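Next comes start-v5.pdb, with PDB, C-alpha atoms and all ligand atoms.
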ATOM      1  CA  MET X   1     102.613 122.191  94.513
ATOM      2  CA  PHE X   2     103.723 118.658  94.010
ATOM      3  CA  SER X   3     101.697 116.107  92.074
ATOM      4  CA  LEU X   4     101.659 112.407  91.269
ATOM      5  CA  PRO X   5     103.598 111.759  88.059
ATOM      6  CA  LYS X   6     101.653 110.041  85.277
ATOM      7  CA  LEU X   7     102.359 106.342  84.865
ATOM      8  CA  ALA X   8     103.574 105.404  81.386
ATOM      9  CA  TYR X   9     101.669 102.104  81.543
ATOM     10  CA  SER X  10      98.335 100.762  82.738
ATOM     11  CA  TYR X  11      97.798  99.226  86.170
ATOM     12  CA  ASN X  12      97.775  95.691  84.796
ATOM     13  CA  ALA X  13     100.696  96.154  82.375
ATOM     14  CA  LEU X  14     103.261  94.663  84.742
ATOM     15  CA  GLU X  15     101.327  91.457  85.423
ATOM     16  CA  PRO X  16     102.015  88.749  86.384
ATOM     17  CA  TYR X  17     105.180  90.042  88.091
ATOM     18  CA  LEU X  18     103.533  93.039  89.727
ATOM     19  CA  ASP X  19      99.784  92.672  90.112
ATOM     20  CA  ARG X  20      97.233  95.321  89.279
ATOM     21  CA  GLU X  21      95.897  95.696  92.817
ATOM     22  CA  THR X  22      99.316  96.207  94.391
ATOM     23  CA  LEU X  23     100.372  98.726  91.744
ATOM     24  CA  GLN X  24      97.149 100.684  91.983
ATOM     25  CA  ILE X  25      97.135 100.908  95.781
ATOM     26  CA  HIS X  26     100.857 101.591  95.937
ATOM     27  CA  TYR X  27     100.643 104.397  93.371
ATOM     28  CA  LEU X  28      97.322 106.043  94.217
ATOM     29  CA  LYS X  29      97.139 105.500  97.961
ATOM     30  CA  HIS X  30     100.698 105.236  99.243
ATOM     31  CA  HIS X  31     102.467 107.580  96.828
ATOM     32  CA  GLY X  32      99.363 109.766  96.571
ATOM     33  CA  THR X  33      99.304 110.229 100.328
ATOM     34  CA  TYR X  34     102.981 111.230 100.426
ATOM     35  CA  VAL X  35     102.275 113.898  97.798
ATOM     36  CA  ASP X  36      99.173 115.173  99.629
ATOM     37  CA  ASN X  37     101.014 115.283 102.945
ATOM     38  CA  LEU X  38     103.952 117.124 101.377
ATOM     39  CA  ASN X  39     101.662 119.809  99.919
ATOM     40  CA  LYS X  40      99.800 120.086 103.209
ATOM     41  CA  VAL X  41     102.848 120.456 105.425
ATOM     42  CA  LEU X  42     104.380 123.016 103.037
ATOM     43  CA  THR X  43     101.246 125.159 102.873
ATOM     44  CA  GLY X  44     102.351 128.718 103.579
ATOM     45  CA  HIS X  45     105.976 127.871 102.729
ATOM     46  CA  ASP X  46     105.791 128.837  99.041
ATOM     47  CA  GLU X  47     109.560 128.933  98.606
ATOM     48  CA  PHE X  48     109.705 125.164  99.079
ATOM     49  CA  LEU X  49     106.334 124.420  97.502
ATOM     50  CA  ASN X  50     107.561 125.970  94.244
ATOM     51  CA  MET X  51     110.827 124.023  94.107
ATOM     52  CA  GLY X  52     111.338 120.969  91.979
ATOM     53  CA  ILE X  53     111.555 117.793  94.023
ATOM     54  CA  ASP X  54     115.311 117.364  93.383
ATOM     55  CA  GLU X  55     116.040 120.890  94.575
ATOM     56  CA  LEU X  56     113.891 120.392  97.672
ATOM     57  CA  LEU X  57     115.869 117.262  98.604
ATOM     58  CA  GLN X  58     119.088 119.278  98.349
ATOM     59  CA  LYS X  59     117.706 122.046 100.561
ATOM     60  CA  LEU X  60     116.029 120.088 103.362
ATOM     61  CA  ASN X  61     118.353 121.723 105.886
ATOM     62  CA  ARG X  62     116.738 125.090 105.067
ATOM     63  CA  VAL X  63     113.234 123.841 105.826
ATOM     64  CA  PRO X  64     111.943 125.175 109.191
ATOM     65  CA  GLU X  65     112.834 122.693 111.899
ATOM     66  CA  GLU X  66     109.270 122.121 113.127
ATOM     67  CA  ILE X  67     108.203 120.693 109.761
ATOM     68  CA  ARG X  68     111.523 119.297 108.533
ATOM     69  CA  THR X  69     110.981 115.666 109.546
ATOM     70  CA  SER X  70     107.628 115.531 107.816
ATOM     71  CA  VAL X  71     108.930 117.320 104.718
ATOM     72  CA  LYS X  72     111.920 114.961 104.515
ATOM     73  CA  ARG X  73     109.751 111.879 104.919
ATOM     74  CA  ASN X  74     107.177 112.867 102.309
ATOM     75  CA  SER X  75     109.505 114.504  99.771
ATOM     76  CA  GLY X  76     111.897 111.553  99.991
ATOM     77  CA  GLN X  77     109.092 109.097  99.365
ATOM     78  CA  HIS X  78     107.709 111.238  96.526
ATOM     79  CA  ALA X  79     111.088 111.318  94.763
ATOM     80  CA  ASN X  80     111.822 107.629  95.356
ATOM     81  CA  HIS X  81     108.460 106.443  94.075
ATOM     82  CA  SER X  82     108.602 108.753  91.046
ATOM     83  CA  LEU X  83     111.885 107.116  90.048
ATOM     84  CA  PHE X  84     110.589 103.635  90.845
ATOM     85  CA  TRP X  85     107.588 103.982  88.456
ATOM     86  CA  GLN X  86     109.843 105.290  85.707
ATOM     87  CA  ILE X  87     112.351 102.485  85.768
ATOM     88  CA  MET X  88     109.665  99.838  85.348
ATOM     89  CA  GLY X  89     107.816  98.867  82.182
ATOM     90  CA  PRO X  90     105.993  96.026  80.481
ATOM     91  CA  LYS X  91     108.716  95.145  77.954
ATOM     92  CA  LYS X  92     111.154  92.427  78.824
ATOM     93  CA  GLU X  93     114.577  93.967  78.246
ATOM     94  CA  GLU X  94     118.227  93.665  79.152
ATOM     95  CA  PRO X  95     120.877  96.355  79.498
ATOM     96  CA  ARG X  96     122.954  97.103  76.395
ATOM     97  CA  GLY X  97     125.689  99.325  74.978
ATOM     98  CA  LYS X  98     127.853 101.502  77.201
ATOM     99  CA  LEU X  99     125.689 100.728  80.238
ATOM    100  CA  LEU X 100     126.272  96.995  79.802
ATOM    101  CA  LYS X 101     130.023  97.624  79.525
ATOM    102  CA  VAL X 102     130.065  99.493  82.838
ATOM    103  CA  ILE X 103     127.908  96.777  84.438
ATOM    104  CA  ASN X 104     130.416  94.174  83.291
ATOM    105  CA  LYS X 105     133.303  96.290  84.589
ATOM    106  CA  SER X 106     131.646  96.866  87.980
ATOM    107  CA  PHE X 107     130.028  93.461  88.632
ATOM    108  CA  GLY X 108     131.635  91.004  86.203
ATOM    109  CA  SER X 109     128.377  90.494  84.307
ATOM    110  CA  PHE X 110     124.679  91.396  84.218
ATOM    111  CA  ALA X 111     124.028  88.231  86.240
ATOM    112  CA  GLY X 112     126.592  89.486  88.777
ATOM    113  CA  LEU X 113     124.732  92.782  89.129
ATOM    114  CA  LYS X 114     121.407  91.012  89.622
ATOM    115  CA  GLU X 115     122.871  88.689  92.224
ATOM    116  CA  LYS X 116     124.502  91.445  94.261
ATOM    117  CA  PHE X 117     121.518  93.805  94.018
ATOM    118  CA  SER X 118     119.076  91.024  94.963
ATOM    119  CA  LEU X 119     121.151  90.031  97.959
ATOM    120  CA  LYS X 120     121.173  93.639  99.171
ATOM    121  CA  ALA X 121     117.388  93.814  98.695
ATOM    122  CA  ILE X 122     116.761  90.549 100.533
ATOM    123  CA  SER X 123     118.990  91.443 103.459
ATOM    124  CA  ARG X 124     117.748  95.025 103.962
ATOM    125  CA  PHE X 125     116.110  94.753 107.386
ATOM    126  CA  GLY X 126     112.735  96.457 107.543
ATOM    127  CA  SER X 127     111.520  99.175 105.186
ATOM    128  CA  GLY X 128     113.768 100.806 102.659
ATOM    129  CA  TRP X 129     115.158 101.042  99.161
ATOM    130  CA  VAL X 130     117.980  99.512  97.133
ATOM    131  CA  TRP X 131     119.850 101.625  94.586
ATOM    132  CA  LEU X 132     122.177 101.393  91.636
ATOM    133  CA  VAL X 133     124.326 104.511  91.689
ATOM    134  CA  PHE X 134     126.730 105.743  88.998
ATOM    135  CA  THR X 135     129.665 107.833  90.201
ATOM    136  CA  LYS X 136     133.181 108.370  88.847
ATOM    137  CA  GLY X 137     132.838 105.827  86.056
ATOM    138  CA  ASN X 138     131.635 103.038  88.316
ATOM    139  CA  LEU X 139     128.334 101.538  89.340
ATOM    140  CA  SER X 140     127.694 100.620  92.948
ATOM    141  CA  ILE X 141     124.826  99.179  94.959
ATOM    142  CA  THR X 142     123.591 100.772  98.168
ATOM    143  CA  ASP X 143     120.530 100.537 100.357
ATOM    144  CA  THR X 144     118.769 103.127 102.470
ATOM    145  CA  VAL X 145     116.276 103.060 105.306
ATOM    146  CA  ASN X 146     112.716 104.439 105.113
ATOM    147  CA  GLU X 147     112.575 107.463 102.772
ATOM    148  CA  GLU X 148     116.298 108.092 102.489
ATOM    149  CA  SER X 149     118.088 108.082  99.151
ATOM    150  CA  PRO X 150     121.397 108.772  97.398
ATOM    151  CA  ALA X 151     119.751 111.932  95.990
ATOM    152  CA  MET X 152     119.723 113.383  99.526
ATOM    153  CA  GLU X 153     123.534 113.124  99.402
ATOM    154  CA  GLY X 154     123.674 114.660  95.944
ATOM    155  CA  LYS X 155     124.259 111.348  94.164
ATOM    156  CA  ALA X 156     122.235 110.226  91.172
ATOM    157  CA  ALA X 157     120.696 106.765  91.146
ATOM    158  CA  ILE X 158     119.805 105.106  87.847
ATOM    159  CA  LEU X 159     117.766 102.220  89.268
ATOM    160  CA  THR X 160     115.857 101.603  92.480
ATOM    161  CA  LEU X 161     113.734  98.943  94.127
ATOM    162  CA  ASP X 162     111.121  99.588  96.804
ATOM    163  CA  VAL X 163     111.388  96.886  99.485
ATOM    164  CA  TRP X 164     108.756  98.284 101.832
ATOM    165  CA  GLU X 165     106.186  95.567 102.521
ATOM    166  CA  HIS X 166     103.418  97.622 100.885
ATOM    167  CA  ALA X 167     105.272  97.119  97.565
ATOM    168  CA  TYR X 168     104.683  93.355  97.504
ATOM    169  CA  TYR X 169     102.642  92.063 100.441
ATOM    170  CA  LEU X 170      99.280  91.503  98.667
ATOM    171  CA  LYS X 171     100.777  89.119  96.117
ATOM    172  CA  TYR X 172     103.927  87.821  97.766
ATOM    173  CA  GLN X 173     103.119  88.194 101.492
ATOM    174  CA  ASN X 174     106.383  87.670 103.383
ATOM    175  CA  ARG X 175     108.221  86.244 100.342
ATOM    176  CA  ARG X 176     110.350  89.261  99.511
ATOM    177  CA  ALA X 177     112.877  87.164  97.576
ATOM    178  CA  GLU X 178     110.132  86.060  95.130
ATOM    179  CA  TYR X 179     109.078  89.663  94.585
ATOM    180  CA  ILE X 180     112.662  90.664  93.854
ATOM    181  CA  LYS X 181     113.175  87.789  91.420
ATOM    182  CA  ALA X 182     109.967  88.664  89.562
ATOM    183  CA  TRP X 183     110.817  92.370  89.487
ATOM    184  CA  TRP X 184     113.822  91.863  87.196
ATOM    185  CA  ASN X 185     111.324  90.983  84.435
ATOM    186  CA  ILE X 186     109.800  94.468  84.521
ATOM    187  CA  VAL X 187     112.861  96.698  84.714
ATOM    188  CA  ASN X 188     112.754  99.332  81.956
ATOM    189  CA  TRP X 189     116.407  99.163  80.894
ATOM    190  CA  GLN X 190     115.895 101.797  78.195
ATOM    191  CA  GLU X 191     115.034 104.305  80.904
ATOM    192  CA  VAL X 192     117.902 103.140  83.122
ATOM    193  CA  GLU X 193     120.242 103.588  80.153
ATOM    194  CA  ARG X 194     118.820 107.040  79.440
ATOM    195  CA  ARG X 195     119.534 108.092  83.025
ATOM    196  CA  PHE X 196     122.994 106.544  82.851
ATOM    197  CA  ASN X 197     123.844 108.414  79.625
ATOM    198  CA  GLU X 198     122.623 111.662  81.129
ATOM    199  CA  ILE X 199     124.987 111.356  84.110
ATOM    200  CA  ASN X 200     127.815 109.998  81.955
ATOM    201  CA  ARG X 201     127.685 113.112  79.764
ATOM    202  CA  GLN X 202     128.109 115.509  82.691
TER     203      GLN X 202
HETATM  204 MN   MN3 I   1     106.466 102.284  98.335
END
Before we go any further, please render this structure as structure tokens.
Ligand code: MN3
Amino acid sequence: MFSLPKLAYSYNALEPYLDRETLQIHYLKHHGTYVDNLNKVLTGHDEFLNMGIDELLQKLNRVPEEIRTSVKRNSGQHANHSLFWQIMGPKKEEPRGKLLKVINKSFGSFAGLKEKFSLKAISRFGSGWVWLVFTKGNLSITDTVNEESPAMEGKAAILTLDVWEHAYYLKYQNRRAEYIKAWWNIVNWQEVERRFNEINRQ
């Protein structure tokens, strides 16, 4: 069985950048529904129901074809949102240490990373996700459509941004660029660094 991960902060902790109502609906209703649907569609398929989410994403091709699209959709969204909640937090922080060095190497500066990532997020047409991926000593920015993710290709992302409209519409309406600009204030760089160090050690 899959379940909603606990949030490490309260629903209003990310105000004013991410409002309480949006966070609550996004987490409980949107993410909650993906988790419920995943458990429902996998009922009777215990092999997959008992996997961790990362393993399930790696083994989607083994899921019976008649339920594969639904399993991919809901497991992808479950994994993406779980990461998204983790890499946010109420403390205003900036990247430091080894992570900052690699950011500088890959994008010139922290400002360079923010600019390139924001541009990708603004120009992603329709629903999807933007990612910061660490492979072979370098950081790179990619975007994916709908529920897709680097994890489905076996790559580890250390940061992600949800640019589906449900992530910002209540507060920002169609102003996605404003949402993205505000979001930088609530990135949990300690967690991003922890994920970076974990991959860097491998
Ligand atoms: Mn979402």
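With atom CA of X:Trp131 on one side and atom CA of X:Leu161 on the other, the separation reads 6.7 Å.
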(message) Could you list, as a PyMOL selection string, all residues that come within 8 Å of ligand MN3 1 (chain I)? Count all atoms listed in the file.
(response) chain X and resi 26-27+30-31+77+81+162-167
(message) Need the shell around X:Gly32: protein/DNA/RNA residues with any atom at most 12 Å away, counting all atoms listed in the file. Skip same-chain ones fewer than 2 positions apart. Format as a count of residues only?
(response) 25
(message) Nearest residue to X:Leu100 out of X:Met51, X:Ile199, X:Leu7, X:Val192, using only C-alpha atoms?
(response) X:Val192
(message) So that I can check the surroundings of stretch 148-151 of chain X, please list as number ranges by chain every protein, DNA and RNA residue that reaches within 10 Å of it, counting all atoms listed in the file and ignoring chain neighbours fewer than 6 positions away.
(response) X: 54-55, 57-58, 72-73, 75-77, 79-80, 128-133, 142, 157, 160
Keeping only C-alpha atoms, write the selected residues as a CSV table (one decimal), in the frame of the given file.
chain,number,residue,atom,x,y,z
X,54,ASP,CA,115.3,117.4,93.4
X,55,GLU,CA,116.0,120.9,94.6
X,57,LEU,CA,115.9,117.3,98.6
X,58,GLN,CA,119.1,119.3,98.3
X,72,LYS,CA,111.9,115.0,104.5
X,73,ARG,CA,109.8,111.9,104.9
X,75,SER,CA,109.5,114.5,99.8
X,76,GLY,CA,111.9,111.6,100.0
X,77,GLN,CA,109.1,109.1,99.4
X,79,ALA,CA,111.1,111.3,94.8
X,80,ASN,CA,111.8,107.6,95.4
X,128,GLY,CA,113.8,100.8,102.7
X,129,TRP,CA,115.2,101.0,99.2
X,130,VAL,CA,118.0,99.5,97.1
X,131,TRP,CA,119.8,101.6,94.6
X,132,LEU,CA,122.2,101.4,91.6
X,133,VAL,CA,124.3,104.5,91.7
X,142,THR,CA,123.6,100.8,98.2
X,157,ALA,CA,120.7,106.8,91.1
X,160,THR,CA,115.9,101.6,92.5
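Distance check against X:Trp183 using all atoms listed in the file: of X:Lys101, X:Lys114, X:Lys120, X:Arg62, the minimum falls on X:Lys114.
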(message) Measuring between only C-alpha atoms, which one of X:Leu18, X:Leu159, X:Val71, X:Leu60 shows the shortest distance to X:Lys40?
(response) X:Val71
